[in-house]
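Undergrad: Contents are compact mmCIF, C-alpha atoms; file name start_4.txt:
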```txt
# COMPACT_ATOMS: atom_id res chain seq x y z
CA MET A 53 -131.57 151.46 74.55
CA SER A 54 -130.06 150.95 77.97
CA PHE A 55 -131.44 150.25 81.41
CA ASP A 56 -130.38 152.56 84.25
CA ARG A 57 -130.94 150.08 87.00
CA GLN A 58 -130.23 146.36 87.14
CA HIS A 59 -133.15 144.90 85.25
CA GLU A 60 -134.54 141.40 85.79
CA ILE A 61 -133.37 140.55 82.27
CA HIS A 62 -129.76 141.25 83.31
CA THR A 63 -130.01 138.77 86.15
CA ARG A 64 -131.43 136.15 83.81
CA ARG A 65 -128.75 136.78 81.18
CA PHE A 66 -126.06 136.59 83.84
CA GLY A 67 -127.43 133.24 84.98
CA ARG A 68 -127.47 132.00 81.41
CA ASN A 69 -123.90 133.14 80.76
CA LEU A 70 -122.77 131.53 83.99
CA GLY A 71 -124.47 128.29 82.93
CA VAL A 72 -122.76 128.33 79.51
CA ALA A 73 -119.40 129.07 81.17
CA ALA A 74 -119.84 126.12 83.56
CA VAL A 75 -120.76 123.80 80.66
CA LEU A 76 -117.72 124.91 78.63
CA LEU A 77 -115.36 124.51 81.58
CA GLY A 78 -116.82 121.07 82.26
CA LEU A 79 -116.28 120.14 78.61
CA VAL A 80 -112.64 121.25 78.72
CA ALA A 81 -112.10 119.20 81.92
CA ILE A 82 -113.71 116.11 80.38
CA VAL A 83 -111.76 116.31 77.11
CA PHE A 84 -108.54 116.87 79.06
CA GLY A 85 -109.29 113.96 81.42
CA LEU A 86 -110.21 111.65 78.55
CA THR A 87 -107.05 112.56 76.65
CA VAL A 88 -104.86 111.80 79.66
CA VAL A 89 -106.57 108.44 80.16
CA LYS A 90 -106.31 107.53 76.46
CA VAL A 91 -102.64 108.41 76.02
CA THR A 92 -101.51 106.76 79.26
CA HIS A 93 -103.45 103.57 78.49
CA VAL A 94 -101.29 100.54 77.68
CA GLU A 95 -103.00 99.99 74.32
CA PHE A 96 -102.24 103.53 73.13
CA GLU A 97 -99.94 103.64 70.12
CA VAL A 98 -98.57 106.60 68.18
CA PRO A 99 -99.50 106.12 64.49
CA SER A 100 -96.44 104.74 62.68
CA ALA A 101 -96.15 107.68 60.22
CA GLU A 102 -95.92 110.16 63.08
CA ALA A 103 -93.61 107.94 65.14
CA SER A 104 -91.03 107.73 62.35
CA GLN A 105 -90.78 111.52 61.99
CA MET B 41 -159.61 135.63 67.66
CA SER B 42 -159.17 132.67 65.31
CA MET B 43 -157.60 129.34 66.30
CA SER B 44 -154.45 130.08 64.31
CA ASP B 45 -154.03 133.44 66.05
CA ALA B 46 -154.35 131.70 69.39
CA SER B 47 -151.74 129.11 68.49
CA MET B 48 -149.37 131.80 67.20
CA ILE B 49 -149.62 133.62 70.49
CA THR B 50 -149.10 130.40 72.42
CA ARG B 51 -145.95 129.66 70.46
CA ALA B 52 -144.45 133.14 70.47
CA PRO B 53 -141.67 133.61 73.03
CA THR B 54 -142.97 135.81 75.84
CA HIS B 55 -139.60 136.42 77.50
CA GLU B 56 -135.95 135.65 77.13
CA ALA B 57 -135.24 132.08 78.18
CA SER B 58 -133.10 131.27 81.20
CA PHE B 59 -130.46 128.51 81.30
CA GLY B 60 -132.97 126.28 83.08
CA ASP B 61 -135.48 126.65 80.23
CA TYR B 62 -132.92 125.34 77.74
CA PHE B 63 -132.00 122.53 80.14
CA ALA B 64 -135.70 121.61 80.42
CA LEU B 65 -135.68 120.96 76.64
CA LEU B 66 -133.47 117.95 77.33
CA LYS B 67 -136.21 116.26 79.44
CA PRO B 68 -134.10 115.89 82.61
CA ARG B 69 -136.38 113.25 84.15
CA VAL B 70 -136.09 111.01 81.08
CA MET B 71 -132.35 111.75 81.07
CA SER B 72 -132.03 110.47 84.65
CA LEU B 73 -133.55 107.16 83.55
CA VAL B 74 -131.17 107.05 80.57
CA VAL B 75 -128.19 107.71 82.87
CA PHE B 76 -129.25 105.02 85.31
CA THR B 77 -129.99 102.26 82.76
CA ALA B 78 -126.90 103.06 80.66
CA MET B 79 -124.80 102.90 83.84
CA VAL B 80 -126.23 99.49 84.73
CA GLY B 81 -125.57 98.24 81.17
CA LEU B 82 -121.98 99.48 81.38
CA PHE B 83 -121.19 98.08 84.82
CA ALA B 84 -123.01 94.77 84.27
CA ALA B 85 -120.75 94.05 81.27
CA PRO B 86 -117.91 91.57 81.87
CA MET B 87 -115.20 94.00 80.65
CA PRO B 88 -113.75 96.59 83.05
CA VAL B 89 -113.92 100.22 81.88
CA HIS B 90 -111.72 103.08 83.12
CA PRO B 91 -113.81 105.31 85.45
CA MET B 92 -113.10 108.41 83.33
CA VAL B 93 -114.18 106.63 80.14
CA ALA B 94 -117.27 105.26 81.91
CA PHE B 95 -118.24 108.69 83.29
CA SER B 96 -117.73 110.48 79.97
CA SER B 97 -119.55 107.80 77.98
CA ILE B 98 -122.60 107.90 80.27
CA LEU B 99 -122.58 111.69 80.06
CA PHE B 100 -122.51 111.62 76.24
CA ILE B 101 -125.28 108.98 76.13
CA ALA B 102 -127.34 111.25 78.42
CA ILE B 103 -126.66 114.28 76.18
CA GLY B 104 -127.73 112.23 73.14
CA GLY B 105 -130.94 111.27 74.96
CA GLY B 106 -131.50 114.92 75.88
CA ALA B 107 -130.90 116.01 72.28
CA SER B 108 -133.58 113.63 71.04
CA GLY B 109 -135.89 115.05 73.75
CA ALA B 110 -135.31 118.58 72.41
CA LEU B 111 -136.06 117.46 68.85
CA ASN B 112 -139.20 115.70 70.11
CA MET B 113 -140.34 118.93 71.80
CA TRP B 114 -139.66 120.89 68.60
CA TRP B 115 -141.74 118.55 66.45
CA ASP B 116 -144.53 118.01 69.02
CA ALA B 117 -144.94 121.64 70.15
CA ASP B 118 -148.51 121.72 68.76
CA ILE B 119 -149.53 118.58 70.70
CA ASP B 120 -147.72 119.71 73.86
CA ALA B 121 -149.68 122.98 73.85
CA ILE B 122 -152.96 121.05 74.04
CA MET B 123 -152.16 118.42 76.67
CA ARG B 124 -152.33 119.45 80.32
CA ARG B 125 -149.32 117.28 81.20
CA THR B 126 -147.04 119.01 78.66
CA ARG B 127 -148.49 122.52 78.46
CA SER B 128 -145.78 124.04 80.64
CA ARG B 129 -142.87 122.70 78.53
CA PRO B 130 -140.45 125.43 77.27
CA ILE B 131 -141.89 125.77 73.73
CA PRO B 132 -145.68 125.78 74.39
CA SER B 133 -145.16 128.08 77.40
CA GLY B 134 -143.37 130.53 75.09
CA LYS B 135 -139.97 130.44 76.81
CA VAL B 136 -137.96 128.93 73.95
CA THR B 137 -138.66 129.23 70.22
CA PRO B 138 -139.15 126.03 68.17
CA GLU B 139 -136.17 127.03 65.98
CA ASP B 140 -133.87 127.26 69.01
CA ALA B 141 -135.05 123.85 70.22
CA LYS B 142 -134.37 122.32 66.80
CA ALA B 143 -130.90 123.89 66.61
CA ILE B 144 -129.99 122.71 70.11
CA GLY B 145 -131.33 119.23 69.37
CA ILE B 146 -129.37 118.83 66.12
CA ALA B 147 -126.16 120.31 67.56
CA LEU B 148 -126.22 118.17 70.69
CA SER B 149 -127.06 115.03 68.68
CA GLY B 150 -123.95 115.45 66.52
CA PHE B 151 -121.82 116.42 69.50
CA SER B 152 -122.87 113.45 71.64
CA ILE B 153 -122.35 110.89 68.84
CA VAL B 154 -118.88 112.16 67.90
CA MET B 155 -117.80 112.46 71.55
CA LEU B 156 -119.06 108.95 72.39
CA ALA B 157 -117.13 107.56 69.43
CA LEU B 158 -113.96 109.27 70.71
CA ALA B 159 -114.52 108.29 74.34
CA SER B 160 -115.47 104.64 73.74
CA ASN B 161 -115.95 103.00 70.36
CA LEU B 162 -117.68 103.41 67.00
CA PHE B 163 -120.22 100.67 67.68
CA ALA B 164 -121.57 102.38 70.80
CA ALA B 165 -121.68 105.72 68.94
CA GLY B 166 -123.53 104.07 66.05
CA LEU B 167 -126.10 102.66 68.47
CA LEU B 168 -126.56 106.12 70.01
CA ALA B 169 -127.04 107.63 66.53
CA PHE B 170 -129.61 104.94 65.72
CA THR B 171 -131.41 105.57 69.03
CA ILE B 172 -131.72 109.31 68.30
CA PHE B 173 -132.91 108.56 64.75
CA PHE B 174 -135.40 106.00 66.05
CA TYR B 175 -136.87 108.30 68.71
CA VAL B 176 -137.05 111.41 66.55
CA VAL B 177 -137.87 110.11 63.08
CA ILE B 178 -139.50 106.69 63.57
CA TYR B 179 -141.40 107.46 66.78
CA THR B 180 -141.99 111.23 66.96
CA VAL B 181 -142.39 112.13 63.30
CA TRP B 182 -143.83 108.92 61.90
CA LEU B 183 -145.56 106.62 64.38
CA LYS B 184 -146.81 108.79 67.24
CA ARG B 185 -149.62 110.42 65.26
CA TRP B 186 -150.31 107.43 63.04
CA THR B 187 -150.73 104.20 64.97
CA PRO B 188 -152.08 103.17 68.41
CA GLN B 189 -149.01 100.93 68.65
CA ASN B 190 -146.93 104.16 68.93
CA ILE B 191 -146.02 103.46 72.54
CA VAL B 192 -145.00 99.86 71.83
CA ILE B 193 -142.59 100.72 69.02
CA GLY B 194 -141.53 104.04 70.52
CA GLY B 195 -140.62 102.20 73.71
CA ALA B 196 -137.69 100.72 71.82
CA ALA B 197 -135.99 104.12 71.80
CA GLY B 198 -136.03 104.25 75.59
CA ALA B 199 -134.79 100.68 75.74
CA PHE B 200 -131.49 101.28 73.92
CA PRO B 201 -129.44 103.06 76.67
CA PRO B 202 -128.44 99.88 78.61
CA MET B 203 -127.43 98.31 75.28
CA ILE B 204 -125.28 101.36 74.51
CA GLY B 205 -123.74 101.15 78.00
CA TRP B 206 -122.96 97.46 77.40
CA ALA B 207 -121.49 98.33 73.97
CA VAL B 208 -119.23 100.96 75.57
CA ALA B 209 -117.63 98.19 77.64
CA THR B 210 -117.68 95.28 75.19
CA GLY B 211 -117.85 96.93 71.75
CA GLY B 212 -120.81 94.73 70.76
CA ILE B 213 -124.19 93.15 71.54
CA SER B 214 -124.93 89.98 73.51
CA LEU B 215 -127.92 88.07 74.91
CA GLU B 216 -127.63 89.98 78.18
CA SER B 217 -127.78 93.39 76.54
CA VAL B 218 -130.73 92.27 74.39
CA LEU B 219 -132.53 91.14 77.57
CA MET B 220 -131.97 94.53 79.23
CA PHE B 221 -133.40 96.10 76.07
CA ALA B 222 -136.39 93.71 76.20
CA LEU B 223 -137.04 94.54 79.84
CA ILE B 224 -137.59 98.25 79.12
CA PHE B 225 -139.25 97.57 75.75
CA VAL B 226 -141.99 95.35 77.25
CA TRP B 227 -142.28 97.50 80.39
CA THR B 228 -143.06 100.70 78.44
CA PRO B 229 -146.58 99.85 77.13
CA PRO B 230 -148.21 98.97 80.47
CA HIS B 231 -146.45 101.98 82.06
CA PHE B 232 -147.80 104.47 79.48
CA TRP B 233 -151.21 102.87 79.04
CA ALA B 234 -151.82 103.12 82.78
CA LEU B 235 -150.96 106.83 82.48
CA ALA B 236 -153.29 107.17 79.47
CA LEU B 237 -156.12 105.60 81.49
CA PHE B 238 -156.03 108.21 84.23
CA MET B 239 -154.92 111.21 82.13
CA ARG B 240 -158.26 110.65 80.38
CA ASN B 241 -158.91 113.16 77.62
CA ASP B 242 -155.39 114.53 77.15
CA TYR B 243 -154.41 112.31 74.19
CA ASP B 244 -157.94 112.47 72.79
CA ASP B 245 -157.87 116.29 72.70
CA ALA B 246 -154.43 116.27 71.07
CA LYS B 247 -155.61 113.72 68.44
CA VAL B 248 -152.82 111.32 69.37
CA PRO B 249 -154.03 107.81 68.52
CA MET B 250 -153.47 106.26 71.94
CA LEU B 251 -154.93 102.79 72.47
CA THR B 252 -157.45 104.29 74.92
CA VAL B 253 -158.78 106.47 72.07
CA THR B 254 -158.65 104.08 69.11
CA HIS B 255 -159.55 100.73 70.70
CA GLY B 256 -161.28 101.87 73.87
CA ARG B 257 -160.43 101.67 77.52
CA ARG B 258 -161.55 98.02 77.94
CA SER B 259 -159.07 96.95 75.28
CA THR B 260 -156.33 99.04 76.95
CA ARG B 261 -156.93 97.19 80.25
CA ASN B 262 -156.61 93.85 78.39
CA HIS B 263 -153.40 95.00 76.70
CA ILE B 264 -151.89 96.10 80.04
CA LEU B 265 -152.45 92.61 81.47
CA GLY B 266 -151.08 90.89 78.35
CA TYR B 267 -147.87 92.92 78.26
CA THR B 268 -147.40 92.56 82.03
CA LEU B 269 -147.43 88.75 81.69
CA VAL B 270 -144.85 88.87 78.87
CA LEU B 271 -142.78 91.30 80.95
CA ALA B 272 -142.78 88.90 83.91
CA ALA B 273 -141.47 86.11 81.67
CA VAL B 274 -138.67 88.35 80.30
CA ALA B 275 -137.75 89.75 83.74
CA VAL B 276 -137.60 86.42 85.55
CA GLY B 277 -136.01 84.73 82.52
CA ALA B 278 -133.17 87.28 82.57
CA GLY B 279 -132.30 85.98 86.04
CA TYR B 280 -131.08 82.73 84.47
CA THR B 281 -128.46 84.43 82.28
CA SER B 282 -125.23 86.03 83.50
CA LEU B 283 -127.28 89.14 84.33
CA GLY B 284 -128.96 87.34 87.21
CA GLY B 285 -128.06 85.81 90.52
CA PRO B 286 -129.87 85.01 93.75
CA ALA B 287 -130.55 88.67 94.58
CA TYR B 288 -131.84 89.50 91.10
CA VAL B 289 -134.13 86.45 90.94
CA ALA B 290 -135.56 87.22 94.40
CA VAL B 291 -136.26 90.87 93.45
CA ALA B 292 -137.69 89.87 90.06
CA VAL B 293 -140.07 87.27 91.53
CA VAL B 294 -141.43 89.63 94.21
CA LEU B 295 -141.78 92.62 91.85
CA ASN B 296 -143.42 90.65 89.08
CA ILE B 297 -145.97 89.09 91.42
CA ALA B 298 -146.86 92.64 92.61
CA PHE B 299 -146.94 93.95 89.04
CA ILE B 300 -149.14 91.11 87.76
CA LYS B 301 -151.50 91.65 90.71
CA GLY B 302 -151.72 95.36 89.81
CA ALA B 303 -152.42 94.53 86.15
CA VAL B 304 -155.11 91.99 87.12
CA ASP B 305 -156.72 94.63 89.39
CA ILE B 306 -156.81 97.08 86.43
CA TRP B 307 -158.18 94.36 84.14
CA ARG B 308 -161.01 93.48 86.57
CA ARG B 309 -162.22 97.08 86.84
CA ASP B 310 -164.41 99.05 84.50
CA GLU B 311 -164.81 102.81 84.05
CA THR B 312 -167.46 103.11 86.77
CA ASP B 313 -165.13 101.54 89.35
CA SER B 314 -162.22 103.74 88.24
CA GLU B 315 -164.21 106.97 88.28
CA ALA B 316 -165.60 106.14 91.71
CA ASP B 317 -162.14 106.28 93.30
CA ASP B 318 -160.49 108.66 90.77
CA PHE B 319 -158.38 105.92 89.15
CA LYS B 320 -156.70 104.94 92.40
CA VAL B 321 -155.66 101.47 91.17
CA GLU B 322 -154.36 102.80 87.83
CA ARG B 323 -152.37 105.55 89.57
CA ARG B 324 -150.90 103.02 92.02
CA PHE B 325 -149.91 100.74 89.12
CA PHE B 326 -148.20 103.66 87.35
CA LYS B 327 -146.19 104.50 90.47
CA LEU B 328 -145.30 100.85 90.95
CA SER B 329 -144.10 100.69 87.33
CA LEU B 330 -141.52 103.39 88.06
CA ALA B 331 -140.22 101.54 91.11
CA TYR B 332 -140.34 98.27 89.13
CA LEU B 333 -137.86 99.45 86.51
CA PHE B 334 -135.57 101.18 88.99
CA LEU B 335 -135.42 98.13 91.28
CA HIS B 336 -134.90 95.64 88.44
CA PHE B 337 -131.93 97.54 87.06
CA GLY B 338 -130.62 98.06 90.59
CA ALA B 339 -130.89 94.31 91.15
CA ILE B 340 -128.83 93.59 88.00
CA LEU B 341 -125.90 95.34 89.69
CA THR B 342 -126.55 93.83 93.13
CA ASP B 343 -125.25 90.32 92.45
CA PRO B 344 -121.87 91.36 90.97
CA LEU B 345 -121.52 93.88 93.81
CA LEU B 346 -122.21 91.24 96.46
CA ALA B 347 -119.81 88.85 94.73
CA GLN B 348 -117.09 91.52 94.82
CA LEU B 349 -117.77 92.35 98.48
CA PHE B 350 -117.66 88.73 99.55
CA GLY B 351 -114.80 87.72 97.27
CA GLY B 352 -116.87 85.81 94.72
CA THR B 353 -118.15 83.29 97.24
CA LEU B 354 -121.77 83.90 96.24
```
Spell out the structure here as structure tokens.
TA:
Amino acid sequence: MSFDRQHEIHTRRFGRNLGVAAVLLGLVAIVFGLTVVKVTHVEFEVPSAEASQ
Amino acid sequence: MSMSDASMITRAPTHEASFGDYFALLKPRVMSLVVFTAMVGLFAAPMPVHPMVAFSSILFIAIGGGASGALNMWWDADIDAIMRRTRSRPIPSGKVTPEDAKAIGIALSGFSIVMLALASNLFAAGLLAFTIFFYVVIYTVWLKRWTPQNIVIGGAAGAFPPMIGWAVATGGISLESVLMFALIFVWTPPHFWALALFMRNDYDDAKVPMLTVTHGRRSTRNHILGYTLVLAAVAVGAGYTSLGGPAYVAVAVVLNIAFIKGAVDIWRRDETDSEADDFKVERRFFKLSLAYLFLHFGAILTDPLLAQLFGGTL
């Protein structure tokens, strides 16, 4: 079944998809930011097994 | 139409949920309190935290708090449908199905705990996990429908966020973080009992054993005064640890005098007085309780901020 005209449900779904997209983008930005902070921190050390490879 | 038919209709989704309906499952107003108190706990700690780590940690604590809110709404959907205050929540209003709420709650709980462990430390993540467990299992599932002390013990769940914030910075617990916990823990009963006094029949209709229902409204007024006196001792006492300073002590003294006065006013009234002015004193006390908590936690940050601004001369 399809709707000929833009139905209210389409607007709501679009809003929901936009919300999920914003949350996912925010998550990527946070994980990226956290990773940068963690690896540039003075206490950060590469595990010895990986460092010797 | 039988009662079960009516409840089935109430719980059936009437339309596809919007993003905002799912967000409402996380109890945004409670989340804002979690964010604020966790932030104070984190910044009041003596160890500096990188702004990115601090931001992410507070976000994950807030998501954990929201997840427990969603699980609470899933379990309590039957009660929420009866009470006027909660009738428009996403599940009883038919916008989100209970199964969706449960799935979102469980998924976000796991996500927030793992992410907090990665962003800060295992101890803080463990505390967050315990907080979610405490709110959902101990309070929502077990105590809320069983004992009139539900609010007292359940208040502990709301009291953990500043401790988690402190743990993010220090990796542990100290007297100061326990005092921040105690401040919210002892504040919760008078706050909710004042609400129960003027929300009248809501809890009664939902068969939730609130103190007003099980022990009567006179006893509730006595309890409000008792807890308010203990709260004043905890709040002013905290001013003499490293949490306090001149600004905190000044704020604590003024606020606690006002709060005790409000509790005494409630204690001196009976139902006839309250009904005559539509619970004016009880409503005022409830509003004051919100400002009380906000200003106390704001004051905890004021002294270190002033010390930094004036180069530690205070």
Undergrad: For chain B against chain A, with a cut-off of 12 Å and counting only C-alpha atoms, what is the closest atom pair and its distance in Å to one decimal for every residue that makes the cut, ordered by chain and number, as CSV?
TA:
```
residue,atom,partner,partner_atom,distance
B:His55,CA,A:Ile61,CA,8.9
B:Glu56,CA,A:Ile61,CA,7.6
B:Ala57,CA,A:Arg64,CA,7.9
B:Ser58,CA,A:Arg68,CA,5.7
B:Phe59,CA,A:Arg68,CA,4.6
B:Gly60,CA,A:Arg68,CA,8.1
B:Asp61,CA,A:Arg68,CA,9.7
B:Tyr62,CA,A:Arg68,CA,9.4
B:Phe63,CA,A:Gly71,CA,9.9
B:Val89,CA,A:Val89,CA,11.2
B:His90,CA,A:Val89,CA,8.0
B:Pro91,CA,A:Val89,CA,9.5
B:Met92,CA,A:Leu86,CA,6.5
B:Val93,CA,A:Leu86,CA,6.6
B:Ala94,CA,A:Leu86,CA,10.1
B:Phe95,CA,A:Ile82,CA,9.2
B:Ser96,CA,A:Ile82,CA,6.9
B:Ser97,CA,A:Leu86,CA,10.1
B:Leu99,CA,A:Ile82,CA,9.9
B:Phe100,CA,A:Ile82,CA,10.7
B:Phe151,CA,A:Leu79,CA,11.3
B:Ser152,CA,A:Leu79,CA,11.7
B:Met155,CA,A:Val83,CA,9.1
B:Leu156,CA,A:Leu86,CA,11.1
B:Leu158,CA,A:Leu86,CA,9.0
B:Ala159,CA,A:Leu86,CA,6.9
B:Ser160,CA,A:Lys90,CA,10.0
```
Undergrad: Provide the CA of Ala303 in chain B to CA of Thr268 in chain B distance in Å, to one decimal place.
TA: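 These atoms are spaced 6.8 Å apart.
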Undergrad: Could you name the residues that touch Pro188 in chain B at 9 Å or less, counting all atoms listed in the file, but leaving out those on the same chain fewer than 4 positions away, as JSON, numbers by chain?
TA: {"B": [183, 184, 192, 248, 249, 250, 251, 252, 253, 254, 255]}
Undergrad: Taking (-115.1, 98.1, 70.4) in the coordinates of the supplied file, I want to know which residues reach to within 7 Å of it, counting only C-alpha atoms; could you give the answer as a PyMOL selection string?
TA: chain B and resi 161-163+210-212
Undergrad: So that I can see what lies close to Glu311 in chain B, please list as a ChimeraX atom specification the residues with an atom at most 10 Å from it, counting all atoms listed in the file and leaving out residues fewer than 3 positions away in the same chain.
TA: /B:237,257-258,314-316,318-319
Undergrad: Calculated over all atoms listed in the file, which of the candidates B:Ala165, B:Ile153, B:Ile191, B:Val276 has the smallest distance to Ala207 in chain B?
TA: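 Among the listed residues, B:Ala165 lies closest to Ala207 in chain B.
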Undergrad: What does the distance from CA of Ile213 in chain B to CA of Ile340 in chain B come to in Å, to one decimal?
TA: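 These two atoms are separated by 17.1 Å.
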Undergrad: Record the distance separating CA of Leu265 in chain B and CA of Pro229 in chain B, expressed in Å with one decimal.
TA: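 Straight-line distance from CA of Leu265 in chain B to CA of Pro229 in chain B works out to 10.3 Å.
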Undergrad: Pick out the residues sitting within 12 Å of Leu111 in chain B, and hand them over as number ranges by chain; count all atoms listed in the file, and ignore anything fewer than 6 positions along from it in its own chain.
TA: B: 65-67, 104-105, 117, 131, 138-149, 172-177, 179-181
Undergrad: Nearest to Pro201 in chain B: which of B:Ala236, B:Ile101, B:Leu333, B:Val218 is it, counting only C-alpha atoms?
TA: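 Ranked by minimum distance to Pro201 in chain B, first place goes to B:Ile101.
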Undergrad: Take the point (-126.0, 86.5, 84.1) as written in the file and pick out every residue within 12 Å of it, counting all atoms listed in the file; give the list as number ranges by chain.
TA: B: 84-86, 214-217, 219-220, 276-289, 339-344
Undergrad: Pick from B:Ile224, B:Phe299, B:Val291, B:Trp307: nearest to His263 in chain B, with only C-alpha atoms counted?
TA: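 Selected residue with least distance to His263 in chain B: B:Trp307.
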Undergrad: Determine, counting all atoms listed in the file, which protein, DNA and RNA residues have an atom within 12 Å of an atom of Ile300 in chain B; residues of the same chain fewer than 5 positions away are not included. Present the result as a short mmCIF file (atom, residue, chain, number, x, y, z; two decimals) with C-alpha atoms, in the frame of the given file.
TA:
```cif
data_model
loop_
_atom_site.label_atom_id
_atom_site.label_comp_id
_atom_site.auth_asym_id
_atom_site.auth_seq_id
_atom_site.Cartn_x
_atom_site.Cartn_y
_atom_site.Cartn_z
CA TRP B 227 -142.28 97.50 80.39
CA PRO B 230 -148.21 98.97 80.47
CA ILE B 264 -151.89 96.10 80.04
CA LEU B 265 -152.45 92.61 81.47
CA GLY B 266 -151.08 90.89 78.35
CA TYR B 267 -147.87 92.92 78.26
CA THR B 268 -147.40 92.56 82.03
CA LEU B 269 -147.43 88.75 81.69
CA VAL B 270 -144.85 88.87 78.87
CA LEU B 271 -142.78 91.30 80.95
CA ALA B 272 -142.78 88.90 83.91
CA ALA B 273 -141.47 86.11 81.67
CA ALA B 292 -137.69 89.87 90.06
CA VAL B 293 -140.07 87.27 91.53
CA VAL B 294 -141.43 89.63 94.21
CA LEU B 295 -141.78 92.62 91.85
CA ASP B 305 -156.72 94.63 89.39
CA ILE B 306 -156.81 97.08 86.43
CA TRP B 307 -158.18 94.36 84.14
CA PHE B 325 -149.91 100.74 89.12
CA LEU B 328 -145.30 100.85 90.95
CA SER B 329 -144.10 100.69 87.33
CA TYR B 332 -140.34 98.27 89.13
#
```
Undergrad: Choose the residue, out of B:Arg323, B:Ala290, B:Pro132, B:Met113, that has the smallest atom-to-atom separation from Gly302 in chain B; count only C-alpha atoms.
TA: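 Selected residue with least distance to Gly302 in chain B: B:Arg323.
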Undergrad: Rank nothing, just name the residue among B:Ala157, B:Ala199, B:Ala246, B:Leu168 nearest to Asp116 in chain B, using all atoms listed in the file.
TA: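 Counting all atoms listed in the file, the residue closest to Asp116 in chain B is B:Ala246.
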Undergrad: With distances taken over only C-alpha atoms, which residue among B:Gly134, B:Gly166, B:Gly106, B:Gly194 lies nearest Val208 in chain B?
TA: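 Checking each candidate against Val208 in chain B, we get B:Gly166 as the closest.
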